[in-house]
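K.L.:
Dropping a structure here in structure tokens format, bear with me for questions.
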Amino acid sequence: MNENKRMTSIARKINISFWLKEVGNVIGINIIIAFLIMGTWMYWCTTKLPDQVTGEHYYFNVNKEKHTLEYVIDGSDRKSYAYDFRDVRDLVAVPGIILLSAEGFVLFFALFRTSVVRRKLKPLNDLAVKAEQISKMSFEQNGMEDQKKRSDKKSAKTFDQNQMDHLEQAISHISPDDAEQGVHTGDKELKSIEIALNNLLRNMKENERRQVRFVSDASHELRTPIAVIQGYVNMLDRWGKEDEKVLTESIEALKNESQHMKELVEQLLFLARGDSGRNTLNKVKLDLNQMVSEVWEESQMIDEKHRYLFRGTDPAYMTGDIAMIKQSIRIFVQNAAKYSSDGADITLGVMLESGYVSYMIQDEGIGMESSDVVHIFERFYRSDEARNGETGGSGLGLSIAKWIVDAHSGTIQVVSRPEIGTRFIVRFPMCE
């Protein structure tokens with residue numbers, strides 16, 4: 001469905017909604033007019049009663065057969081005075097027909113005001129188009145002049161041209177390279193639209209910065225193992241054919257670097273599929289306590305340098321993808337082992353909370369400053385201590401773990417102190 005059809009559909013719905021309200025208003029007004037006419041006529045009839053009976057007690061009586069309104073005097077001498085309804089009918093017939101005809105014409109033509117509503121909505125459509133243009137704007141300096149020229153074109157005349165001109169000018173003068181610049185028209189009626197556009201611009205700029213940093217870091221991470229592989233291949237070409245020691249060393253290094261590249265590419269593909277919505281989750285009811293226990297047991301077998309502790313609980317049920325949840329637990333455990341000295345304790349635990357189940361991974365490692373904690377889930381981010389240490393890794397593990405947790409509507413709480421350790425608590429909605 002194109003934009004014009006969508007706009008027409010919305011305009012038609014709005015027009016029908018207002019038309020139904022107008023019909024209700026017309027019916028209500030006609031009922032009020034009818035009551036006013038009848039009340040006025042009855043009062044006029046009362047004023048026409050003979051003077052000698054106006055002080056006596058009387059009551060109304062409607063005679064449907066004779067089409068009359070009778071005033072019955074309830075006294076010693078019972079009397080009645082009748083007034084014909086047809087008199088008032090004849091009196092209001094012509095004005096009533098004229099009024100109903102006029103209302104009918106108004107309501108009939110009101111059905112065909114969709115184009116008017118569409119014109120009223122056009123400023124919002126123009127804003128949407130302008131926002132889309134901004135979102136597709138090239139962030140290179142060379143393309144900024146052309147974008148400004150396109151943005152300077154005036155919109156078609158609308159119900160409030162001055163407001164829209166102010167907003168268009170405000171948008172046209174935005175520089176994508178200025179993080180602090182936004183849309184400001186000074187018009188109260190456009191305040192909510194200003195906020196929406198400024199939030200859009202802020203998110204676009206932040207996403208642009210992340211994208212540039214991601215590409216730069218990914219290139220750096222891939223460049224390093226490629227350079228190492230190329231160096232060992234050259235060394236093999238020169239001396240490896242005759243020197244068995246060089247051959248053995250080169251083969252081992254090539255295996256390690258190729259494995260590192262394989263893991264890095266797999267992680268990049270995982271995040272790319274996640275960003276595009278192509279990571280499928282097979283969610284089933286699972287016991288989080290059992291999952292953490294299994295990771296604890298396998299960690300003990302594959303890592304003898306650290307002491308692993310487990311604090312279990314009763315079955316903690318949640319809905320999730322078994323492989324994904326186990327992968328997130330492994331990532332946090334591997335992260336704890338990577339930054340903990342030999343012989344340090346790494347504690348895995350499961351907890352039941354009100355409406356939530358959670359698992360905890362706690363280490364006695366190098367810890368982090370609070371300034372680093374807010375960035376640890378960014379792709380390729382590693383603190384200075386992590387970069388300076390010989391821990392390896394690409395800086396994508398925690399980003400993958402966070403994607404998995406977010407995909408399961410979970411949250412991650414991080415508590416870390418330098419030289420003391422780090423604790424990750426991951427919470428998921430409980431499944432009954």
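Convention: chains lettered A, B, ... in structure tokens order; per-chain residue numbering from 1; ligands numbered from 1 as shown.
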Residues of segment 196-312 of chain A that have any atom at most 12 Å from an atom of segment 397-417 of chain A: could you tabulate them with the shortest-distance atom pair and the distance in Å to one decimal, using only C-alpha atoms, ordered by chain and increasing number, as JSON lines?

P.N.:
```
{"residue": "A:Phe214", "atom": "CA", "partner": "A:Ser399", "partner_atom": "CA", "distance": 11.9}
{"residue": "A:Glu263", "atom": "CA", "partner": "A:Gly397", "partner_atom": "CA", "distance": 10.4}
{"residue": "A:Leu264", "atom": "CA", "partner": "A:Gly397", "partner_atom": "CA", "distance": 9.7}
{"residue": "A:Glu266", "atom": "CA", "partner": "A:Ile400", "partner_atom": "CA", "distance": 11.0}
{"residue": "A:Gln267", "atom": "CA", "partner": "A:Ile400", "partner_atom": "CA", "distance": 7.6}
{"residue": "A:Leu268", "atom": "CA", "partner": "A:Ile400", "partner_atom": "CA", "distance": 9.3}
{"residue": "A:Leu269", "atom": "CA", "partner": "A:Ile400", "partner_atom": "CA", "distance": 10.7}
{"residue": "A:Phe270", "atom": "CA", "partner": "A:Ile400", "partner_atom": "CA", "distance": 7.7}
{"residue": "A:Leu271", "atom": "CA", "partner": "A:Ile400", "partner_atom": "CA", "distance": 6.7}
{"residue": "A:Ala272", "atom": "CA", "partner": "A:Ile400", "partner_atom": "CA", "distance": 10.5}
{"residue": "A:Arg273", "atom": "CA", "partner": "A:Trp403", "partner_atom": "CA", "distance": 10.9}
{"residue": "A:Gly274", "atom": "CA", "partner": "A:Trp403", "partner_atom": "CA", "distance": 7.5}
{"residue": "A:Asp275", "atom": "CA", "partner": "A:Trp403", "partner_atom": "CA", "distance": 9.2}
{"residue": "A:Gly277", "atom": "CA", "partner": "A:Ala407", "partner_atom": "CA", "distance": 10.3}
{"residue": "A:Asn279", "atom": "CA", "partner": "A:Ala407", "partner_atom": "CA", "distance": 9.7}
{"residue": "A:Thr280", "atom": "CA", "partner": "A:Ala407", "partner_atom": "CA", "distance": 10.0}
{"residue": "A:Leu281", "atom": "CA", "partner": "A:Ala407", "partner_atom": "CA", "distance": 8.5}
{"residue": "A:Asn282", "atom": "CA", "partner": "A:His408", "partner_atom": "CA", "distance": 11.0}
{"residue": "A:Lys283", "atom": "CA", "partner": "A:His408", "partner_atom": "CA", "distance": 8.9}
{"residue": "A:Val284", "atom": "CA", "partner": "A:His408", "partner_atom": "CA", "distance": 11.4}
```

K.L.:
Can those selected residues be exported to a file as a short mmCIF file (atom, residue, chain, number, x, y, z; two decimals), in the first residue's frame so that it contains all heavy atoms?

P.N.:
```cif
data_model
loop_
_atom_site.label_atom_id
_atom_site.label_comp_id
_atom_site.auth_asym_id
_atom_site.auth_seq_id
_atom_site.Cartn_x
_atom_site.Cartn_y
_atom_site.Cartn_z
N PHE A 214 31.92 0.66 15.31
CA PHE A 214 31.84 -0.78 15.10
C PHE A 214 32.66 -1.20 13.88
O PHE A 214 33.42 -2.18 13.92
CB PHE A 214 30.38 -1.19 14.91
CG PHE A 214 30.18 -2.65 14.62
CD1 PHE A 214 30.23 -3.58 15.64
CD2 PHE A 214 29.95 -3.08 13.33
CE1 PHE A 214 30.04 -4.92 15.37
CE2 PHE A 214 29.77 -4.42 13.06
CZ PHE A 214 29.82 -5.35 14.08
N GLU A 263 36.00 -17.61 15.24
CA GLU A 263 35.12 -17.21 16.34
C GLU A 263 34.65 -15.78 16.16
O GLU A 263 33.48 -15.46 16.41
CB GLU A 263 35.86 -17.36 17.67
CG GLU A 263 36.19 -18.81 18.03
CD GLU A 263 37.01 -18.91 19.30
OE1 GLU A 263 37.42 -17.84 19.83
OE2 GLU A 263 37.28 -20.04 19.76
N LEU A 264 35.55 -14.90 15.72
CA LEU A 264 35.18 -13.50 15.52
C LEU A 264 34.13 -13.37 14.43
O LEU A 264 33.13 -12.65 14.59
CB LEU A 264 36.43 -12.68 15.16
CG LEU A 264 36.20 -11.20 14.85
CD1 LEU A 264 35.58 -10.49 16.04
CD2 LEU A 264 37.52 -10.54 14.44
N GLU A 266 32.01 -15.66 13.41
CA GLU A 266 30.75 -16.24 13.89
C GLU A 266 30.02 -15.26 14.81
O GLU A 266 28.79 -15.14 14.76
CB GLU A 266 31.04 -17.54 14.62
CG GLU A 266 31.43 -18.69 13.69
CD GLU A 266 31.76 -19.96 14.45
OE1 GLU A 266 31.91 -19.87 15.70
OE2 GLU A 266 31.89 -21.02 13.82
N GLN A 267 30.79 -14.56 15.67
CA GLN A 267 30.17 -13.58 16.56
C GLN A 267 29.59 -12.42 15.77
O GLN A 267 28.48 -11.94 16.06
CB GLN A 267 31.20 -13.09 17.58
CG GLN A 267 31.60 -14.14 18.60
CD GLN A 267 32.71 -13.65 19.51
OE1 GLN A 267 33.51 -12.78 19.13
NE2 GLN A 267 32.77 -14.19 20.71
N LEU A 268 30.32 -11.96 14.76
CA LEU A 268 29.82 -10.87 13.93
C LEU A 268 28.55 -11.28 13.18
O LEU A 268 27.59 -10.51 13.08
CB LEU A 268 30.89 -10.43 12.94
CG LEU A 268 32.09 -9.67 13.52
CD1 LEU A 268 33.17 -9.49 12.46
CD2 LEU A 268 31.66 -8.31 14.07
N LEU A 269 28.54 -12.51 12.67
CA LEU A 269 27.36 -13.00 11.97
C LEU A 269 26.17 -13.13 12.92
O LEU A 269 25.03 -12.84 12.54
CB LEU A 269 27.66 -14.35 11.32
CG LEU A 269 28.58 -14.31 10.09
CD1 LEU A 269 28.90 -15.72 9.61
CD2 LEU A 269 27.94 -13.51 8.97
N PHE A 270 26.42 -13.56 14.15
CA PHE A 270 25.35 -13.68 15.14
C PHE A 270 24.71 -12.32 15.40
O PHE A 270 23.49 -12.18 15.40
CB PHE A 270 25.89 -14.28 16.43
CG PHE A 270 24.85 -14.45 17.50
CD1 PHE A 270 24.16 -15.64 17.63
CD2 PHE A 270 24.54 -13.42 18.39
CE1 PHE A 270 23.19 -15.80 18.62
CE2 PHE A 270 23.57 -13.56 19.36
CZ PHE A 270 22.90 -14.77 19.48
N LEU A 271 25.56 -11.31 15.63
CA LEU A 271 25.04 -9.97 15.91
C LEU A 271 24.36 -9.38 14.67
O LEU A 271 23.34 -8.69 14.79
CB LEU A 271 26.18 -9.06 16.36
CG LEU A 271 26.77 -9.39 17.74
CD1 LEU A 271 28.02 -8.56 18.00
CD2 LEU A 271 25.74 -9.15 18.84
N ALA A 272 24.90 -9.66 13.48
CA ALA A 272 24.26 -9.15 12.26
C ALA A 272 22.89 -9.78 12.06
O ALA A 272 21.93 -9.09 11.71
CB ALA A 272 25.16 -9.45 11.06
N ARG A 273 22.78 -11.08 12.31
CA ARG A 273 21.47 -11.73 12.20
C ARG A 273 20.51 -11.19 13.26
O ARG A 273 19.31 -11.02 13.01
CB ARG A 273 21.61 -13.24 12.35
CG ARG A 273 22.24 -13.93 11.15
CD ARG A 273 22.04 -15.44 11.24
NE ARG A 273 22.68 -16.00 12.43
CZ ARG A 273 23.91 -16.47 12.47
NH1 ARG A 273 24.65 -16.48 11.37
NH2 ARG A 273 24.40 -16.96 13.59
N GLY A 274 21.04 -10.92 14.44
CA GLY A 274 20.20 -10.35 15.50
C GLY A 274 19.68 -8.97 15.14
O GLY A 274 18.51 -8.66 15.37
N ASP A 275 20.54 -8.13 14.56
CA ASP A 275 20.13 -6.79 14.17
C ASP A 275 19.08 -6.81 13.07
O ASP A 275 18.21 -5.93 13.01
CB ASP A 275 21.34 -5.98 13.70
CG ASP A 275 22.30 -5.66 14.85
OD1 ASP A 275 21.88 -5.76 16.02
OD2 ASP A 275 23.47 -5.34 14.57
N GLY A 277 16.91 -9.26 12.67
CA GLY A 277 15.77 -10.05 13.10
C GLY A 277 15.73 -11.46 12.54
O GLY A 277 14.66 -12.07 12.45
N ASN A 279 17.66 -14.05 13.76
CA ASN A 279 17.99 -15.06 14.78
C ASN A 279 16.68 -15.63 15.32
O ASN A 279 15.90 -14.92 15.97
CB ASN A 279 18.82 -14.45 15.92
CG ASN A 279 20.30 -14.44 15.62
OD1 ASN A 279 20.76 -15.21 14.79
ND2 ASN A 279 21.05 -13.57 16.27
N THR A 280 16.44 -16.88 15.08
CA THR A 280 15.19 -17.50 15.52
C THR A 280 15.36 -18.10 16.91
O THR A 280 16.40 -18.70 17.22
CB THR A 280 14.75 -18.60 14.54
OG1 THR A 280 15.80 -19.57 14.42
CG2 THR A 280 14.45 -18.01 13.18
N LEU A 281 14.35 -17.92 17.75
CA LEU A 281 14.36 -18.46 19.11
C LEU A 281 13.31 -19.56 19.22
O LEU A 281 12.16 -19.35 18.87
CB LEU A 281 14.07 -17.35 20.12
CG LEU A 281 15.04 -16.17 20.17
CD1 LEU A 281 14.57 -15.15 21.19
CD2 LEU A 281 16.45 -16.63 20.48
N ASN A 282 13.73 -20.71 19.70
CA ASN A 282 12.81 -21.82 19.96
C ASN A 282 12.52 -21.85 21.46
O ASN A 282 13.18 -22.55 22.22
CB ASN A 282 13.43 -23.14 19.49
CG ASN A 282 13.72 -23.14 18.00
OD1 ASN A 282 12.91 -22.68 17.21
ND2 ASN A 282 14.88 -23.65 17.61
N LYS A 283 11.55 -21.07 21.86
CA LYS A 283 11.28 -20.90 23.28
C LYS A 283 10.44 -22.06 23.81
O LYS A 283 9.42 -22.42 23.22
CB LYS A 283 10.56 -19.58 23.54
CG LYS A 283 11.44 -18.36 23.28
CD LYS A 283 10.74 -17.07 23.70
CE LYS A 283 11.63 -15.86 23.51
NZ LYS A 283 10.98 -14.61 23.96
N VAL A 284 10.91 -22.63 24.92
CA VAL A 284 10.20 -23.70 25.62
C VAL A 284 10.30 -23.43 27.12
O VAL A 284 11.06 -22.56 27.57
CB VAL A 284 10.79 -25.09 25.30
CG1 VAL A 284 10.64 -25.42 23.83
CG2 VAL A 284 12.25 -25.15 25.72
#
```

K.L.:
Which residues are near segment 11-21 of chain A? Cut-off 6 Å, only C-alpha atoms, ignore same chain within fewer than 4 positions. Put them as a PDB file with C-alpha atoms, in the first residue's frame.

P.N.:
```
ATOM      1  CA  THR A 114     -12.260  13.351   3.038  1.00  0.00           C
ATOM      2  CA  VAL A 117      -9.319  16.170   6.119  1.00  0.00           C
ATOM      3  CA  ARG A 118      -6.476  14.968   3.919  1.00  0.00           C
TER       4      ARG A 118
END
```

K.L.:
Calculate how many Å separate atom CA of Pro418 of chain A from atom CA of Ile366 of chain A, rounding to one decimal.

P.N.:
5.7 Å

K.L.:
Skipping near chain neighbours, those fewer than 2 positions away, what residues fall within 7 Å of segment 322-327 of chain A using only C-alpha atoms, listed as a VMD selection string?

P.N.:
chain A and resid 291 320 329 to 331 404

K.L.:
Atoms to include: C-alpha atoms. Write the selected residues as a PDB file, in the first residue's frame.

P.N.:
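The result, stored in part-v6.pdb:
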```
ATOM      1  CA  MET A 291      20.870 -24.876  33.090  1.00  0.00           C
ATOM      2  CA  GLY A 320      13.336 -19.386  26.661  1.00  0.00           C
ATOM      3  CA  ILE A 329      25.586 -18.195  30.961  1.00  0.00           C
ATOM      4  CA  ARG A 330      28.792 -19.505  29.362  1.00  0.00           C
ATOM      5  CA  ILE A 331      29.719 -16.029  28.154  1.00  0.00           C
ATOM      6  CA  ILE A 404      20.152 -12.908  24.180  1.00  0.00           C
TER       7      ILE A 404
END
```

K.L.:
Segment 263-333 of chain A: which residues are strand (DSSP E or B) by DSSP, as a PyMOL selection string?

P.N.:
chain A and resi 283-287+307-311+317-321

K.L.:
Give me the residues within 10 Å of segment 222-229 of chain A as a VMD selection string, counting only C-alpha atoms and dropping any in the same chain fewer than 4 places off.

P.N.:
chain A and resid 217 to 218 233 to 235 250 to 251 253 to 261 264 to 265 394

K.L.:
Calculated over only C-alpha atoms, which of the candidates A:Met204, A:Ile193, A:Met42, A:Val333 has the smallest distance to Pro123 of chain A?

P.N.:
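Checking each candidate against Pro123 of chain A, we get A:Ile193 as the closest.
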
K.L.:
Please give the complete set of residues from segment 179-376 of chain A that DSSP, run on the backbone, assigns to alpha helix (DSSP H), formatted as a ChimeraX atom specification.

P.N.:
/A:191-235,244-275,288-302,322-338,370-373

K.L.:
Limited to C-alpha atoms, could you put the picked residues into a file as a short mmCIF file (atom, residue, chain, number, x, y, z; two decimals), in the first residue's frame?

P.N.:
```cif
data_model
loop_
_atom_site.label_atom_id
_atom_site.label_comp_id
_atom_site.auth_asym_id
_atom_site.auth_seq_id
_atom_site.Cartn_x
_atom_site.Cartn_y
_atom_site.Cartn_z
CA LYS A 191 6.34 21.25 20.66
CA SER A 192 5.50 17.54 20.65
CA ILE A 193 6.65 17.22 17.03
CA GLU A 194 9.88 19.02 17.91
CA ILE A 195 10.53 16.53 20.71
CA ALA A 196 9.87 13.57 18.41
CA LEU A 197 12.15 14.91 15.68
CA ASN A 198 14.91 15.78 18.14
CA ASN A 199 14.74 12.28 19.61
CA LEU A 200 14.95 10.89 16.08
CA LEU A 201 17.99 13.02 15.29
CA ARG A 202 19.65 12.12 18.59
CA ASN A 203 19.17 8.41 17.96
CA MET A 204 20.40 8.73 14.39
CA LYS A 205 23.56 10.52 15.48
CA GLU A 206 24.21 8.00 18.24
CA ASN A 207 23.64 5.09 15.86
CA GLU A 208 25.95 6.71 13.34
CA ARG A 209 28.71 7.01 15.95
CA ARG A 210 28.21 3.40 17.01
CA GLN A 211 28.25 2.22 13.42
CA VAL A 212 31.48 4.07 12.64
CA ARG A 213 33.09 2.74 15.82
CA PHE A 214 31.84 -0.78 15.10
CA VAL A 215 33.26 -0.80 11.56
CA SER A 216 36.55 0.62 12.78
CA ASP A 217 36.88 -1.89 15.62
CA ALA A 218 35.82 -4.82 13.44
CA SER A 219 38.41 -3.83 10.84
CA HIS A 220 41.06 -3.60 13.54
CA GLU A 221 40.14 -6.96 15.06
CA LEU A 222 40.24 -8.66 11.67
CA ARG A 223 43.38 -6.87 10.55
CA THR A 224 45.43 -8.21 13.47
CA PRO A 225 44.97 -11.98 12.87
CA ILE A 226 45.29 -11.46 9.11
CA ALA A 227 48.61 -9.68 9.64
CA VAL A 228 49.81 -12.47 11.95
CA ILE A 229 48.79 -15.16 9.45
CA GLN A 230 50.44 -13.29 6.64
CA GLY A 231 53.63 -12.92 8.68
CA TYR A 232 53.86 -16.62 9.51
CA VAL A 233 53.06 -17.57 5.91
CA ASN A 234 55.97 -15.39 4.75
CA MET A 235 58.21 -16.94 7.39
CA GLU A 244 61.30 -27.97 11.41
CA LYS A 245 61.13 -25.69 14.49
CA VAL A 246 59.89 -22.75 12.40
CA LEU A 247 57.42 -25.05 10.66
CA THR A 248 55.96 -26.31 13.95
CA GLU A 249 55.74 -22.80 15.43
CA SER A 250 54.10 -21.38 12.32
CA ILE A 251 51.53 -24.16 12.06
CA GLU A 252 50.54 -23.70 15.70
CA ALA A 253 50.23 -19.93 15.29
CA LEU A 254 48.21 -20.29 12.10
CA LYS A 255 45.82 -22.70 13.83
CA ASN A 256 45.34 -20.30 16.75
CA GLU A 257 44.82 -17.23 14.61
CA SER A 258 42.48 -18.99 12.18
CA GLN A 259 40.43 -20.24 15.14
CA HIS A 260 40.31 -16.72 16.53
CA MET A 261 39.14 -15.39 13.17
CA LYS A 262 36.52 -18.10 12.91
CA GLU A 263 35.12 -17.21 16.34
CA LEU A 264 35.18 -13.50 15.52
CA VAL A 265 33.35 -13.99 12.22
CA GLU A 266 30.75 -16.24 13.89
CA GLN A 267 30.17 -13.58 16.56
CA LEU A 268 29.82 -10.87 13.93
CA LEU A 269 27.36 -13.00 11.97
CA PHE A 270 25.35 -13.68 15.14
CA LEU A 271 25.04 -9.97 15.91
CA ALA A 272 24.26 -9.15 12.26
CA ARG A 273 21.47 -11.73 12.20
CA GLY A 274 20.20 -10.35 15.50
CA ASP A 275 20.13 -6.79 14.17
CA LEU A 288 17.10 -22.17 34.89
CA ASN A 289 18.53 -23.91 37.96
CA GLN A 290 19.33 -26.98 35.88
CA MET A 291 20.87 -24.88 33.09
CA VAL A 292 23.24 -23.07 35.44
CA SER A 293 24.11 -26.37 37.15
CA GLU A 294 25.10 -27.90 33.80
CA VAL A 295 27.34 -24.94 32.94
CA TRP A 296 28.90 -25.16 36.42
CA GLU A 297 29.73 -28.83 35.93
CA GLU A 298 31.27 -28.34 32.47
CA SER A 299 33.26 -25.33 33.71
CA GLN A 300 34.82 -27.46 36.41
CA MET A 301 35.91 -30.01 33.82
CA ILE A 302 37.41 -27.63 31.26
CA ILE A 322 17.72 -23.55 25.78
CA ALA A 323 20.80 -23.11 23.59
CA MET A 324 20.68 -19.32 23.77
CA ILE A 325 20.24 -19.16 27.54
CA LYS A 326 23.09 -21.61 28.07
CA GLN A 327 25.26 -19.58 25.71
CA SER A 328 24.62 -16.41 27.72
CA ILE A 329 25.59 -18.20 30.96
CA ARG A 330 28.79 -19.50 29.36
CA ILE A 331 29.72 -16.03 28.15
CA PHE A 332 29.48 -14.55 31.65
CA VAL A 333 31.39 -17.51 33.14
CA GLN A 334 34.14 -17.27 30.51
CA ASN A 335 34.34 -13.53 31.10
CA ALA A 336 34.74 -14.13 34.84
CA ALA A 337 37.47 -16.72 34.27
CA LYS A 338 39.27 -14.48 31.79
CA SER A 370 32.02 2.70 37.12
CA SER A 371 32.97 4.58 33.93
CA ASP A 372 33.69 1.24 32.26
CA VAL A 373 30.57 -0.54 33.49
#
```

K.L.:
Restricting the calculation to only C-alpha atoms, which member of A:Leu396, A:Met318, A:Val23, A:Ile376 is positioned closest to Phe424 of chain A?

P.N.:
A:Ile376

K.L.:
Restricting the calculation to only C-alpha atoms, which member of A:Leu121, A:Met351, A:Leu236, A:Ala344 is positioned closest to Arg311 of chain A?

P.N.:
A:Met351

K.L.:
Can you work out the spacing between atom CA of Asp287 of chain A and atom CA of Ile346 of chain A in Å, to one decimal?

P.N.:
21.5 Å

K.L.:
Between A:Ile361, A:Met430, A:Ile10, A:Met38, which has the minimum distance to Leu286 of chain A (counting only C-alpha atoms)?

P.N.:
A:Met430

K.L.:
In Å to one decimal, how far is atom CA of Glu419 of chain A from atom CA of Val357 of chain A?

P.N.:
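About the pair atom CA of Val357 of chain A and atom CA of Glu419 of chain A: they are 29.0 Å apart.
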